[in-house]
>>> print(open('structure-v2.tsv').read())   # TSV, C-alpha atoms
chain	number	residue	atom	x	y	z
A	1	MET	CA	21.69	12.45	10.72
A	2	ASP	CA	23.60	15.38	9.33
A	3	ARG	CA	25.21	13.40	6.55
A	4	SER	CA	21.79	12.77	5.02
A	5	THR	CA	21.52	16.17	3.42
A	6	SER	CA	24.86	16.06	1.66
A	7	ASN	CA	23.90	13.04	-0.40
A	8	SER	CA	20.44	14.13	-1.52
A	9	SER	CA	21.66	15.24	-4.94
A	10	LYS	CA	23.82	12.15	-5.41
A	11	VAL	CA	23.01	8.93	-7.18
A	12	LEU	CA	23.77	5.53	-5.70
A	13	VAL	CA	24.29	2.51	-7.91
A	14	ILE	CA	23.14	-0.64	-6.14
A	15	ILE	CA	24.61	-3.90	-7.40
A	16	PRO	CA	23.31	-7.11	-5.85
A	17	ALA	CA	25.99	-9.75	-6.31
A	18	PHE	CA	26.12	-13.46	-5.64
A	19	ASN	CA	29.29	-15.26	-6.76
A	20	GLU	CA	30.05	-12.72	-9.46
A	21	HIS	CA	33.85	-12.63	-9.32
A	22	GLU	CA	34.13	-13.19	-13.07
A	23	THR	CA	32.24	-10.13	-14.19
A	24	LEU	CA	32.13	-7.76	-11.22
A	25	PRO	CA	35.51	-6.06	-11.83
A	26	SER	CA	34.68	-5.19	-15.44
A	27	THR	CA	31.19	-4.01	-14.44
A	28	LEU	CA	32.67	-1.73	-11.78
A	29	ALA	CA	35.30	-0.47	-14.19
A	30	GLU	CA	32.60	0.32	-16.73
A	31	LEU	CA	30.62	2.25	-14.12
A	32	LYS	CA	33.69	4.19	-13.04
A	33	ARG	CA	34.32	5.17	-16.65
A	34	THR	CA	30.75	6.06	-17.47
A	35	VAL	CA	29.35	7.57	-14.28
A	36	PRO	CA	32.40	8.61	-12.24
A	37	ASP	CA	30.36	10.85	-9.89
A	38	PHE	CA	28.02	8.13	-8.71
A	39	ASP	CA	28.61	6.14	-5.56
A	40	VAL	CA	28.52	2.40	-6.05
A	41	VAL	CA	27.47	-0.11	-3.43
A	42	VAL	CA	27.82	-3.83	-4.00
A	43	VAL	CA	25.59	-5.96	-1.83
A	44	ASP	CA	27.40	-9.25	-1.49
A	45	ASP	CA	24.64	-11.78	-0.97
A	46	GLY	CA	26.64	-14.34	0.95
A	47	SER	CA	28.93	-15.23	-1.95
A	48	LYS	CA	31.22	-18.23	-1.65
A	49	ASP	CA	33.86	-16.59	-3.80
A	50	ASN	CA	35.77	-13.33	-3.32
A	51	THR	CA	33.04	-11.09	-4.70
A	52	ALA	CA	33.11	-8.80	-1.65
A	53	ASP	CA	36.88	-8.35	-1.68
A	54	LEU	CA	36.83	-7.65	-5.40
A	55	ALA	CA	34.14	-5.03	-4.88
A	56	GLU	CA	36.25	-3.20	-2.33
A	57	ALA	CA	39.45	-3.60	-4.33
A	58	ASN	CA	37.68	-1.96	-7.26
A	59	GLY	CA	36.59	1.06	-5.28
A	60	ALA	CA	33.01	0.17	-4.44
A	61	ILE	CA	31.37	0.29	-1.03
A	62	CYS	CA	30.53	-3.24	0.00
A	63	LEU	CA	27.73	-4.52	2.19
A	64	ARG	CA	28.39	-8.09	3.23
A	65	LEU	CA	25.38	-10.20	4.04
A	66	PRO	CA	26.27	-13.08	6.36
A	67	PHE	CA	24.39	-15.60	4.26
A	68	ASN	CA	22.44	-15.75	1.03
A	69	LEU	CA	19.12	-13.91	1.27
A	70	GLY	CA	18.20	-13.99	-2.40
A	71	ILE	CA	18.11	-11.02	-4.70
A	72	GLY	CA	15.14	-9.41	-2.93
A	73	GLY	CA	16.94	-9.34	0.40
A	74	ALA	CA	20.14	-8.05	-1.17
A	75	LEU	CA	18.24	-5.25	-2.87
A	76	ARG	CA	16.39	-4.29	0.28
A	77	THR	CA	19.71	-4.01	2.07
A	78	GLY	CA	20.87	-1.71	-0.71
A	79	PHE	CA	17.71	0.39	-0.47
A	80	ARG	CA	18.16	0.66	3.29
A	81	PHE	CA	21.68	1.85	2.78
A	82	ALA	CA	20.47	4.46	0.28
A	83	VAL	CA	17.82	5.72	2.69
A	84	GLU	CA	20.15	5.67	5.68
A	85	ARG	CA	22.70	7.77	3.82
A	86	GLY	CA	20.08	10.03	2.31
A	87	TYR	CA	20.64	9.43	-1.39
A	88	GLY	CA	18.12	11.22	-3.57
A	89	ARG	CA	18.21	8.59	-6.32
A	90	ALA	CA	19.39	5.09	-6.89
A	91	ILE	CA	20.03	2.78	-9.80
A	92	GLN	CA	19.69	-0.96	-9.65
A	93	PHE	CA	22.38	-2.53	-11.81
A	94	ASP	CA	23.39	-6.12	-12.52
A	95	ALA	CA	26.86	-7.39	-11.76
A	96	ASP	CA	26.87	-9.87	-14.61
A	97	GLY	CA	27.56	-7.36	-17.35
A	98	GLN	CA	24.24	-7.50	-19.15
A	99	HIS	CA	23.41	-3.88	-18.39
A	100	ASP	CA	25.00	-1.09	-20.30
A	101	ALA	CA	26.22	1.75	-18.07
A	102	SER	CA	25.93	4.25	-20.89
A	103	GLN	CA	22.15	3.90	-20.63
A	104	ILE	CA	21.96	4.97	-17.02
A	105	ALA	CA	21.31	8.55	-18.09
A	106	ALA	CA	18.27	7.36	-20.06
A	107	ILE	CA	16.62	5.59	-17.11
A	108	LEU	CA	17.37	8.49	-14.76
A	109	GLU	CA	15.76	11.00	-17.09
A	110	PRO	CA	12.08	10.26	-16.29
A	111	LEU	CA	12.75	10.86	-12.58
A	112	ASN	CA	13.17	14.54	-13.46
A	113	GLU	CA	9.68	14.49	-14.93
A	114	GLY	CA	8.08	13.15	-11.80
A	115	ALA	CA	8.44	9.40	-12.16
A	116	ASP	CA	9.13	7.46	-8.95
A	117	LEU	CA	10.32	4.23	-10.52
A	118	VAL	CA	11.78	3.76	-13.98
A	119	ILE	CA	12.27	0.39	-15.58
A	120	GLY	CA	14.71	-0.22	-18.37
A	121	SER	CA	12.84	-2.48	-20.76
A	122	ARG	CA	14.47	-4.83	-23.25
A	123	PHE	CA	11.31	-5.07	-25.31
A	124	ALA	CA	10.02	-1.52	-25.54
A	125	GLY	CA	11.06	-1.19	-29.17
A	126	MET	CA	14.80	-0.89	-28.91
A	127	GLY	CA	17.67	-3.32	-29.09
A	128	ASP	CA	17.55	-7.03	-29.79
A	129	TYR	CA	17.54	-9.50	-26.95
A	130	HIS	CA	16.46	-13.06	-27.44
A	131	VAL	CA	14.76	-15.34	-24.96
A	132	GLY	CA	13.79	-18.97	-25.50
A	133	ARG	CA	10.25	-19.95	-26.44
A	134	SER	CA	9.06	-21.44	-23.11
A	135	ARG	CA	10.67	-18.62	-21.21
A	136	GLY	CA	8.99	-16.19	-23.57
A	137	LEU	CA	5.62	-17.81	-22.95
A	138	ALA	CA	6.05	-17.82	-19.19
A	139	MET	CA	7.06	-14.19	-19.26
A	140	GLY	CA	4.01	-13.45	-21.41
A	141	ILE	CA	1.60	-14.96	-18.90
A	142	LEU	CA	3.31	-13.16	-16.06
A	143	ARG	CA	3.16	-9.92	-18.00
A	144	TRP	CA	-0.54	-10.33	-18.53
A	145	SER	CA	-1.31	-10.96	-14.84
A	146	ILE	CA	0.89	-8.09	-13.78
A	147	GLN	CA	-0.87	-5.80	-16.20
A	148	ARG	CA	-4.18	-6.74	-14.62
A	149	LEU	CA	-2.94	-6.26	-11.07
A	150	ALA	CA	-0.97	-3.09	-11.71
A	151	GLY	CA	-3.57	-1.51	-13.97
A	152	GLN	CA	-0.78	-0.50	-16.32
A	153	LYS	CA	1.00	-2.08	-19.26
A	154	PHE	CA	4.59	-3.20	-18.98
A	155	THR	CA	6.74	-4.83	-21.62
A	156	ASP	CA	9.56	-6.08	-19.41
A	157	THR	CA	8.63	-6.94	-15.85
A	158	SER	CA	11.72	-8.92	-14.97
A	159	SER	CA	14.25	-6.30	-15.92
A	160	GLY	CA	16.72	-5.57	-13.14
A	161	PHE	CA	17.82	-2.28	-14.64
A	162	ARG	CA	15.87	0.32	-12.70
A	163	ALA	CA	15.96	3.81	-11.28
A	164	PHE	CA	14.32	4.94	-8.04
A	165	ASN	CA	13.67	8.31	-6.46
A	166	ALA	CA	13.80	8.97	-2.71
A	167	ASP	CA	10.09	8.22	-2.14
A	168	MET	CA	10.34	4.88	-3.89
A	169	LEU	CA	13.50	4.04	-1.97
A	170	ALA	CA	11.81	4.86	1.31
A	171	MET	CA	9.02	2.42	0.59
A	172	PHE	CA	11.25	-0.35	-0.74
A	173	ALA	CA	13.64	0.00	2.19
A	174	THR	CA	10.96	-1.39	4.46
A	175	ASP	CA	8.72	-3.18	2.03
A	176	TYR	CA	10.54	-5.01	-0.69
A	177	PRO	CA	9.30	-8.38	-1.95
A	178	ILE	CA	11.64	-11.11	-0.79
A	179	GLU	CA	10.25	-13.91	-2.90
A	180	TYR	CA	11.78	-15.03	-6.16
A	181	MET	CA	11.10	-12.65	-9.07
A	182	ASP	CA	10.97	-9.75	-6.70
A	183	SER	CA	11.21	-7.43	-9.70
A	184	ALA	CA	7.73	-8.23	-10.96
A	185	GLU	CA	6.19	-8.09	-7.51
A	186	ALA	CA	7.92	-4.80	-6.73
A	187	LEU	CA	6.34	-3.34	-9.84
A	188	VAL	CA	2.87	-4.33	-8.75
A	189	LEU	CA	3.51	-3.09	-5.23
A	190	ALA	CA	4.60	0.32	-6.49
A	191	CYS	CA	1.67	0.64	-8.89
A	192	ARG	CA	-0.84	-0.37	-6.26
A	193	ALA	CA	0.56	2.24	-3.89
A	194	ASP	CA	0.01	4.85	-6.61
A	195	PHE	CA	3.63	5.49	-7.43
A	196	ASP	CA	4.44	6.80	-10.87
A	197	VAL	CA	6.06	3.85	-12.64
A	198	ARG	CA	7.43	4.22	-16.15
A	199	GLU	CA	9.30	2.20	-18.69
A	200	VAL	CA	12.05	3.30	-21.01
A	201	PRO	CA	13.59	1.20	-23.78
A	202	VAL	CA	17.13	0.00	-23.23
A	203	THR	CA	19.46	-2.42	-24.94
A	204	MET	CA	21.00	-5.20	-22.94
A	205	ARG	CA	23.90	-7.46	-23.67
A	206	GLU	CA	23.91	-11.21	-23.40
A	207	ARG	CA	25.10	-12.27	-19.98
A	208	SER	CA	28.87	-12.40	-20.03
A	209	GLY	CA	29.16	-14.65	-17.01
A	210	GLY	CA	27.25	-16.32	-14.22
A	211	GLN	CA	24.30	-18.62	-14.64
A	212	ALA	CA	20.78	-17.53	-15.42
A	213	SER	CA	18.44	-19.34	-13.08
A	214	ASN	CA	16.28	-21.03	-15.65
A	215	ARG	CA	16.48	-24.76	-15.05
A	216	SER	CA	12.97	-25.61	-16.10
A	217	PHE	CA	11.85	-27.55	-13.05
A	218	ARG	CA	12.94	-24.88	-10.64
A	219	LEU	CA	11.57	-22.23	-12.92
A	220	VAL	CA	8.10	-23.75	-12.75
A	221	TYR	CA	8.28	-23.97	-8.98
A	222	HIS	CA	9.39	-20.38	-8.60
A	223	TYR	CA	6.94	-19.28	-11.21
A	224	LEU	CA	4.01	-20.68	-9.25
A	225	ARG	CA	5.35	-19.04	-6.14
A	226	VAL	CA	5.40	-15.71	-7.93
A	227	LEU	CA	1.82	-16.09	-9.07
A	228	VAL	CA	0.75	-16.84	-5.49
A	229	SER	CA	2.57	-13.88	-4.02
A	230	LEU	CA	1.45	-11.59	-6.83
A	231	ALA	CA	-2.17	-12.50	-6.25
A	232	ASN	CA	-1.68	-11.53	-2.63
A	233	THR	CA	0.05	-8.22	-3.14
A	234	PRO	CA	-1.64	-5.82	-0.78
A	235	ARG	CA	-3.05	-2.54	-1.97
A	236	ARG	CA	-1.70	0.06	0.37
A	237	SER	CA	-1.81	3.78	0.41
A	238	ARG	CA	1.29	5.65	-0.48
A	239	THR	CA	3.03	7.82	2.07
A	240	PRO	CA	2.50	11.47	1.22
A	241	LYS	CA	5.12	12.71	-1.20
A	242	ALA	CA	5.26	16.18	0.33
A	243	SER	CA	6.77	14.99	3.57
A	244	ALA	CA	9.67	13.30	1.86
A	245	SER	CA	10.69	15.79	-0.79
B	1	MET	CA	-15.39	-48.15	21.74
B	2	SER	CA	-14.53	-51.10	23.90
B	3	LEU	CA	-13.25	-50.71	27.44
B	4	ARG	CA	-9.87	-52.07	26.43
B	5	ALA	CA	-9.58	-49.42	23.72
B	6	HIS	CA	-10.40	-46.76	26.28
B	7	ILE	CA	-7.70	-47.96	28.64
B	8	THR	CA	-5.13	-48.11	25.83
B	9	LEU	CA	-6.05	-44.60	24.76
B	10	ALA	CA	-5.87	-43.28	28.32
B	11	LEU	CA	-2.43	-44.79	28.82
B	12	LEU	CA	-1.05	-43.41	25.56
B	13	VAL	CA	-2.41	-39.94	26.26
B	14	ALA	CA	-1.03	-39.97	29.80
B	15	LEU	CA	2.37	-40.92	28.43
B	16	ALA	CA	2.28	-38.16	25.84
B	17	ILE	CA	1.27	-35.51	28.39
B	18	VAL	CA	3.99	-36.56	30.81
B	19	GLY	CA	6.50	-36.42	27.94
B	20	ILE	CA	5.49	-32.90	26.96
B	21	VAL	CA	5.51	-31.67	30.55
B	22	ILE	CA	9.03	-33.05	31.01
B	23	LEU	CA	10.19	-31.29	27.83
B	24	VAL	CA	8.73	-28.00	29.02
B	25	ARG	CA	10.26	-28.35	32.49
B	26	ARG	CA	13.68	-28.98	31.02
B	27	ARG	CA	13.22	-25.92	28.78
B	28	TYR	CA	13.53	-28.03	25.64
B	29	LEU	CA	10.12	-26.83	24.61
B	30	LYS	CA	8.73	-23.36	25.02
B	31	ALA	CA	5.52	-23.21	26.98
B	32	LYS	CA	3.73	-21.47	24.14
B	33	TYR	CA	4.33	-24.43	21.82
B	34	SER	CA	3.35	-26.94	24.45
B	35	LEU	CA	-0.09	-25.42	24.85
B	36	LEU	CA	-1.41	-26.77	21.58
B	37	TRP	CA	-0.01	-30.22	22.28
B	38	LEU	CA	-1.39	-30.24	25.80
B	39	SER	CA	-4.81	-29.21	24.57
B	40	LEU	CA	-4.66	-32.08	22.10
B	41	GLY	CA	-3.88	-34.29	25.10
B	42	ALA	CA	-6.69	-32.79	27.14
B	43	VAL	CA	-9.26	-33.59	24.46
B	44	MET	CA	-8.00	-37.15	24.33
B	45	VAL	CA	-8.16	-37.47	28.12
B	46	VAL	CA	-11.80	-36.45	28.18
B	47	ILE	CA	-12.61	-38.96	25.43
B	48	ALA	CA	-10.73	-41.71	27.19
B	49	ALA	CA	-12.26	-40.93	30.58
B	50	VAL	CA	-15.90	-40.67	29.58
B	51	PRO	CA	-16.74	-43.96	27.84
B	52	GLY	CA	-20.01	-42.96	26.19
B	53	LEU	CA	-18.90	-39.53	25.03
B	54	LEU	CA	-17.30	-40.42	21.72
B	55	ASP	CA	-20.13	-42.67	20.59
B	56	TRP	CA	-22.73	-40.14	21.66
B	57	THR	CA	-21.05	-37.22	19.86
B	58	ALA	CA	-20.45	-39.26	16.75
B	59	GLU	CA	-24.10	-40.25	16.63
B	60	ARG	CA	-25.17	-36.60	16.94
B	61	LEU	CA	-22.88	-35.68	14.05
B	62	GLY	CA	-24.17	-38.51	11.94
B	63	ILE	CA	-20.91	-40.43	11.94
B	64	TRP	CA	-21.56	-44.16	11.53
B	65	TYR	CA	-18.24	-45.53	12.52
B	66	GLN	CA	-17.47	-43.75	15.80
B	67	PRO	CA	-13.64	-44.04	15.91
B	68	THR	CA	-13.59	-41.93	12.75
B	69	LEU	CA	-14.49	-38.97	14.93
B	70	LEU	CA	-11.41	-39.58	17.04
B	71	ILE	CA	-9.17	-39.61	13.98
B	72	LEU	CA	-10.95	-36.58	12.54
B	73	MET	CA	-10.43	-34.55	15.69
B	74	GLY	CA	-6.84	-35.63	15.94
B	75	LEU	CA	-6.21	-34.60	12.34
B	76	ALA	CA	-7.91	-31.25	12.84
B	77	LEU	CA	-5.76	-30.43	15.83
B	78	LEU	CA	-2.60	-31.61	14.11
B	79	LEU	CA	-3.42	-29.39	11.15
B	80	LEU	CA	-3.84	-26.47	13.50
B	81	ILE	CA	-0.47	-27.16	15.05
B	82	VAL	CA	1.25	-27.45	11.68
B	83	VAL	CA	-0.24	-24.18	10.44
B	84	HIS	CA	0.84	-22.55	13.66
B	85	PHE	CA	4.38	-23.77	13.05
B	86	SER	CA	4.39	-22.41	9.51
B	87	TYR	CA	3.33	-19.09	10.93
B	88	GLU	CA	6.05	-19.11	13.55
B	89	LEU	CA	8.62	-20.24	11.00
B	90	THR	CA	7.74	-17.40	8.65
B	91	ARG	CA	7.99	-14.90	11.46
B	92	SER	CA	11.27	-16.25	12.63
B	93	GLU	CA	12.64	-16.25	9.07
B	94	ASN	CA	11.62	-12.61	8.63
B	95	ARG	CA	13.46	-11.71	11.78
B	96	THR	CA	16.59	-13.59	10.75
B	97	ARG	CA	16.47	-11.80	7.43
B	98	GLU	CA	16.10	-8.47	9.16
B	99	LEU	CA	19.06	-9.25	11.40
B	100	ALA	CA	21.22	-10.23	8.43
B	101	GLU	CA	20.43	-6.96	6.65
B	102	GLN	CA	21.11	-4.88	9.73
B	103	LEU	CA	24.32	-6.79	10.30
B	104	ALA	CA	25.59	-5.98	6.80
B	105	LEU	CA	24.83	-2.28	7.30
B	106	LEU	CA	26.43	-2.18	10.73
B	107	ARG	CA	29.48	-4.07	9.56
B	108	LEU	CA	30.13	-1.44	6.94
B	109	ARG	CA	29.62	1.28	9.52
B	110	VAL	CA	32.15	-0.32	11.85
B	111	THR	CA	34.71	-0.66	9.05
B	112	GLU	CA	34.26	3.00	8.18
B	113	LEU	CA	34.62	4.10	11.77
B	114	GLN	CA	37.65	1.90	12.24
B	115	ASN	CA	39.24	3.42	9.15
B	116	SER	CA	38.62	6.93	10.39
B	117	ILE	CA	40.23	6.08	13.73
B	118	ASP	CA	43.25	4.41	12.13
B	119	ASP	CA	43.80	7.19	9.69
B	120	PRO	CA	42.37	10.48	10.99
B	121	ALA	CA	44.85	12.61	9.05
B	122	ASP	CA	43.58	11.51	5.69
B	123	PRO	CA	39.82	11.86	5.48
B	124	ALA	CA	39.87	10.98	1.81
B	125	GLU	CA	40.90	7.47	2.76
B	126	THR	CA	37.65	6.90	4.63
B	127	ASP	CA	34.33	6.91	2.94
B	128	GLU	CA	33.41	10.47	2.18
B	129	GLN	CA	29.84	10.33	3.49
B	130	ASN	CA	31.35	9.47	6.80
B	131	SER	CA	33.15	12.74	7.38
B	132	PRO	CA	31.25	15.14	9.62
B	133	SER	CA	29.71	17.98	7.67
>>> encode(input="structure-v2.tsv", output="structure tokens")
Amino acid sequence: MDRSTSNSSKVLVIIPAFNEHETLPSTLAELKRTVPDFDVVVVDDGSKDNTADLAEANGAICLRLPFNLGIGGALRTGFRFAVERGYGRAIQFDADGQHDASQIAAILEPLNEGADLVIGSRFAGMGDYHVGRSRGLAMGILRWSIQRLAGQKFTDTSSGFRAFNADMLAMFATDYPIEYMDSAEALVLACRADFDVREVPVTMRERSGGQASNRSFRLVYHYLRVLVSLANTPRRSRTPKASAS
Amino acid sequence: MSLRAHITLALLVALAIVGIVILVRRRYLKAKYSLLWLSLGAVMVVIAAVPGLLDWTAERLGIWYQPTLLILMGLALLLLIVVHFSYELTRSENRTRELAEQLALLRLRVTELQNSIDDPADPAETDEQNSPS
């Protein structure tokens, strides 16, 4: 495809969105102000509200999934779009306003130094973001098991503020975890395939809208599911970098 | 097992097999799913038809109460069928997921193409990656 080459120096911002009409317009406005050169794609994950229309009205490209696939599916659709259109880099960004667009430059920076995947961490010594005690404990256990599986230490495995280079996008476009807490599993997947995964400290805001999915009963159920899928993350060999870049 | 039990079993199995065959013939059931059910039926037929078989096998396996073997085998086959369904369900879900993702990408593509047809004079109106380079 001839259009692939023209985008290789561009950055795509991928925003998975499910019923985010309250916060999406302000998030898109913030992105337009802060990173006017970036393309923005909103993946509407089968929203019941007018999320998709709002995305288009506010100047974003919109991918409309016919029904809800969950965040993993929405992200994979975004990664596919990025690969299809030949973007050299992508940012994963939340629609709910908890990510700060001014920090995009900071998570893109390590890609220049050879990183494949950069995670914006709330806990890597910057900013103040509070989580409840049980949530903190659950995240701690998860962090420990991920550290063992990935062979690398991470402070914030559930962060959805991330940057990807073309190699990482190519892998995630076909192979992105579709289970709940895809973010943690994706980390492990990338590490086990010998991608260069790094963390940078970021500050995040409290969610300005939407509902965090932390009803305790469901959390436990999903949590167990994550542990099962994490334990079964395959170790695969990475596709040679030379061919892609 | 008593003769009466054997006859009851044979009748039930015959009924089940006929039922499954009818479902397959009417295309309500794919042949590949019927195979496991029919094989379950086949095992039951053999047990029902050969009176001494169950008792003899149970004795070899050290099972004291012979009908247990029947239940055990039935359970084992049912388990196999259920696992097979989980497998098929997962596969089918993955395909649906794949279709949904492709659909979203194609839908955007169609919108872009439609826009470029409707408004060929103003390429800025259409998505910029869409213009031929």
>>> atom_distance(input="structure-v2.tsv", atom1="atom CA of Ala16 of chain B", atom2="atom CA of Gly41 of chain B")
7.3 Å
>>> atom_distance(input="structure-v2.tsv", atom1="atom CA of Ala150 of chain A", atom2="atom CA of Val188 of chain A")
5.0 Å
>>> residues_around(input="structure-v2.tsv", residues="Ala95 of chain A", least_positions_apart="4", cutoff="8 Å", atoms="all atoms listed in the file", output="list in words")
Ile15, Pro16, Ala17, Glu20, Thr23, Leu24 and Thr27 of chain A
>>> closest_atom_pairs(input="structure-v2.tsv", of="chain A", to="chain B", cutoff="6 Å", atoms="all atoms listed in the file", output="JSON lines")
{"residue": "A:Leu63", "atom": "CA", "partner": "B:Ala104", "partner_atom": "CA", "distance": 5.3}
{"residue": "A:Arg64", "atom": "CA", "partner": "B:Ala104", "partner_atom": "CA", "distance": 5.0}
{"residue": "A:Leu65", "atom": "CA", "partner": "B:Ala104", "partner_atom": "CA", "distance": 5.0}
{"residue": "A:Thr77", "atom": "CA", "partner": "B:Glu101", "partner_atom": "CA", "distance": 5.5}
>>> closest_atom_pairs(input="structure-v2.tsv", of="segment 35-149 of chain A", to="segment 231-234 of chain A", cutoff="10 Å", atoms="all atoms listed in the file", output="Markdown table")
| residue | atom | partner | partner_atom | distance |
| --- | --- | --- | --- | --- |
| A:Ser145 | CA | A:Ala231 | CA | 8.8 |
| A:Ile146 | CA | A:Ala231 | CA | 9.2 |
| A:Leu149 | CA | A:Ala231 | CA | 7.9 |
>>> residues_around(input="structure-v2.tsv", residues="Leu40 of chain B", least_positions_apart="6", cutoff="9 Å", atoms="all atoms listed in the file", output="ChimeraX atom specification")
/B:73-74,77-78
>>> residues_near_point(input="structure-v2.tsv", point="(7.2, 2.8, -12.5)", cutoff="6 Å", atoms="all atoms listed in the file", output="VMD selection string")
chain A and resid 117 to 118 196 to 198
>>> closest_residue(input="structure-v2.tsv", among="B:Thr111, B:Tyr87, B:Ala10, B:Arg4", to="Ala49 of chain B", atoms="only C-alpha atoms")
B:Ala10
>>> atom_distance(input="structure-v2.tsv", atom1="atom CA of Ile107 of chain A", atom2="atom CA of Phe38 of chain A")
14.4 Å
>>> closest_residue(input="structure-v2.tsv", among="A:Met204, A:Ala60, A:Leu142, A:Ala82", to="Asp96 of chain A", atoms="all atoms listed in the file")
A:Met204
>>> closest_residue(input="structure-v2.tsv", among="A:Val11, A:Leu187, A:Ala90, A:Leu54", to="Lys153 of chain A", atoms="only C-alpha atoms")
A:Leu187
>>> closest_residue(input="structure-v2.tsv", among="B:Ile17, B:Leu11, B:Ile63, B:Leu29", to="Ala42 of chain B", atoms="only C-alpha atoms")
B:Ile17
>>> closest_residue(input="structure-v2.tsv", among="B:Leu113, B:Ile20, B:Ala14, B:Tyr33", to="Glu88 of chain B", atoms="all atoms listed in the file")
B:Tyr33
>>> residues_around(input="structure-v2.tsv", residues="segment 52-57 of chain B", least_positions_apart="6", cutoff="9 Å", atoms="all atoms listed in the file", output="PyMOL selection string")
chain B and resi 1+46+63+65-67+69-70
>>> closest_residue(input="structure-v2.tsv", among="A:Asp100, A:Glu22, A:Asp167, A:Asp45", to="Arg122 of chain A", atoms="all atoms listed in the file")
A:Asp100
>>> residues_around(input="structure-v2.tsv", residues="Ser8 of chain A", least_positions_apart="4", cutoff="9 Å", atoms="all atoms listed in the file", output="PyMOL selection string")
chain A and resi 4+85-89+166
>>> write_last_selection(input="structure-v2.tsv", atoms="C-alpha atoms", output="compact mmCIF listing (two decimals), in the coordinates of the input")
# COMPACT_ATOMS: atom_id res chain seq x y z
CA SER A 4 21.79 12.77 5.02
CA ARG A 85 22.70 7.77 3.82
CA GLY A 86 20.08 10.03 2.31
CA TYR A 87 20.64 9.43 -1.39
CA GLY A 88 18.12 11.22 -3.57
CA ARG A 89 18.21 8.59 -6.32
CA ALA A 166 13.80 8.97 -2.71
>>> residues_around(input="structure-v2.tsv", residues="Asn19 of chain A", least_positions_apart="6", cutoff="7 Å", atoms="all atoms listed in the file", output="list in words")
Ser47, Lys48, Asp49 and Thr51 of chain A
>>> write_last_selection(input="structure-v2.tsv", atoms="C-alpha atoms", output="mmCIF file, in the coordinates of the input")
data_model
loop_
_atom_site.group_PDB
_atom_site.id
_atom_site.type_symbol
_atom_site.label_atom_id
_atom_site.label_comp_id
_atom_site.auth_asym_id
_atom_site.auth_seq_id
_atom_site.Cartn_x
_atom_site.Cartn_y
_atom_site.Cartn_z
ATOM 1 C CA SER A 47 28.930 -15.230 -1.950
ATOM 2 C CA LYS A 48 31.220 -18.230 -1.650
ATOM 3 C CA ASP A 49 33.860 -16.590 -3.800
ATOM 4 C CA THR A 51 33.040 -11.090 -4.700
#
>>> residues_near_point(input="structure-v2.tsv", point="(30.2, 4.6, -16.7)", cutoff="12 Å", atoms="all atoms listed in the file", output="PyMOL selection string")
chain A and resi 13+26-40+93+99-105
